[in-house]
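Listing of coords25.txt, compact mmCIF, C-alpha atoms
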# COMPACT_ATOMS: atom_id res chain seq x y z
CA MET U 250 12.91 -44.38 106.51
CA THR U 251 11.19 -41.52 108.29
CA SER U 252 8.34 -42.38 110.67
CA GLN U 253 4.98 -40.64 110.73
CA ASN U 254 5.88 -39.23 114.13
CA GLU U 255 9.08 -37.66 112.73
CA LEU U 256 7.16 -36.19 109.79
CA ALA U 257 4.51 -34.74 112.10
CA GLN U 258 7.16 -32.86 114.11
CA ALA U 259 7.73 -30.43 111.19
CA ILE U 260 4.06 -29.39 110.95
CA GLY U 261 3.51 -25.82 112.13
CA LYS U 262 7.19 -24.89 111.95
CA ARG U 263 8.63 -22.10 109.82
CA GLY U 264 11.45 -22.32 107.30
CA LEU U 265 12.97 -20.62 104.29
CA LEU U 266 11.85 -21.90 100.89
CA ARG U 267 14.47 -21.58 98.16
CA VAL U 268 13.20 -20.96 94.63
CA SER U 269 15.03 -23.42 92.36
CA GLY U 270 17.71 -21.86 90.17
CA THR U 271 17.69 -18.50 91.98
CA GLU U 272 18.99 -16.82 95.13
CA LEU U 273 15.39 -16.03 96.17
CA LYS U 274 14.28 -17.36 99.57
CA PHE U 275 11.14 -16.53 101.53
CA GLU U 276 9.65 -17.57 104.84
CA VAL U 277 6.95 -20.25 104.87
CA THR U 278 4.91 -22.25 107.36
CA ILE U 279 4.82 -26.03 106.95
CA LEU U 280 1.18 -27.12 106.92
CA ASP U 281 1.61 -30.85 106.26
CA THR U 282 4.22 -33.48 105.39
CA ARG U 283 4.28 -36.63 103.29
CA ASN U 284 6.69 -39.37 102.33
CA ARG U 285 6.52 -39.82 98.56
CA TYR U 286 8.54 -42.72 97.15
CA GLY U 287 11.29 -42.20 99.73
CA HIS U 288 11.32 -38.39 99.41
CA ILE U 289 9.93 -36.10 102.09
CA ASP U 290 7.69 -33.25 100.93
CA TYR U 291 6.34 -30.26 102.85
CA LEU U 292 3.09 -28.47 102.12
CA CYS U 293 4.23 -24.85 102.41
CA GLN U 294 2.30 -21.60 102.78
CA PRO U 295 4.02 -18.19 102.59
CA ILE U 296 4.00 -16.08 105.76
CA SER U 297 2.90 -13.08 103.69
CA GLY U 298 0.83 -13.79 100.60
CA GLU U 299 -1.56 -16.50 99.49
CA GLY U 300 -1.61 -20.12 98.43
CA GLU U 301 0.05 -23.38 99.35
CA GLN U 302 2.21 -25.84 97.42
CA TRP U 303 4.07 -29.11 97.99
CA HIS U 304 7.89 -28.81 97.89
CA GLN U 305 10.69 -31.28 98.49
CA SER U 306 12.06 -30.93 101.99
CA ASP U 307 15.57 -30.16 100.72
CA SER U 308 14.19 -26.89 99.25
CA VAL U 309 13.17 -25.76 102.76
CA THR U 310 16.01 -24.71 105.08
CA ASP U 311 16.34 -23.31 108.60
CA VAL U 312 13.20 -25.09 109.82
CA ILE U 313 12.49 -23.92 113.39
Using structure tokens, write down the structure from this file.
Amino acid sequence: MTSQNELAQAIGKRGLLRVSGTELKFEVTILDTRNRYGHIDYLCQPISGEGEQWHQSDSVTDVI
């Protein structure tokens, strides 16, 4: 199980969000994290554009 401290380490980092079923990926900033029934989610905001949305962490790659 992932600790709150481990989850907090991803906040503020950038990654590539993959759109399910496509080859499309775009850069996002991780605004928040949560552990939902054993799955880790990231609240993502695009670098260019508007909005924010929760996504499963396995959809976000190259987190730096």
Could you tell me how far atom CA of U:Gly264 sits from atom CA of U:Ile289, in Å to one decimal place?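 Atom-to-atom, atom CA of U:Ile289 and atom CA of U:Gly264 are spaced 14.8 Å apart.
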So which residues touch U:Leu266 within 8 Å, counting only C-alpha atoms, skipping near sequence neighbours fewer than 3 positions away, as a JSON list (two decimals) with C-alpha atoms, in the coordinates of the input?
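Contents of out18.json, as written:
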[["chain", "number", "residue", "atom", "x", "y", "z"],
["U", 274, "LYS", "CA", 14.28, -17.36, 99.57],
["U", 275, "PHE", "CA", 11.14, -16.53, 101.53],
["U", 276, "GLU", "CA", 9.65, -17.57, 104.84],
["U", 277, "VAL", "CA", 6.95, -20.25, 104.87],
["U", 308, "SER", "CA", 14.19, -26.89, 99.25],
["U", 309, "VAL", "CA", 13.17, -25.76, 102.76],
["U", 310, "THR", "CA", 16.01, -24.71, 105.08]]
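The smallest atom-to-atom distance between U:Val312 and any of U:Gln253, U:Tyr291, U:Arg283, U:Leu273, using all atoms listed in the file, is found for U:Tyr291.
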For the point (-0.5, -25.1, 104.7) in file coordinates, what residues are within 12 Å, counting all atoms listed in the file? Give the answer as a ChimeraX atom specification? /U:259-263,277-282,291-296,299-304
At what distance in Å, to one decimal, does atom CA of U:Glu272 lie from atom CA of U:His288?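 Going from atom CA of U:His288 over to atom CA of U:Glu272 covers 23.3 Å.
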I need the residue nearest U:Asn284 from this list: U:Asp307, U:Ile313, U:Leu265, U:Ser252. Use all atoms listed in the file for the distance. U:Ser252
Give, as AutoDock Vina command-line options, the centre coordinates and the x, y and z edge lengths in Å to one decimal for an axis-aligned box around all listed atoms of stretch 255-264 of chain U, padded by 5 Å on each side.
--center_x 7.5 --center_y -29.9 --center_z 110.7 --size_x 17.9 --size_y 25.6 --size_z 16.8
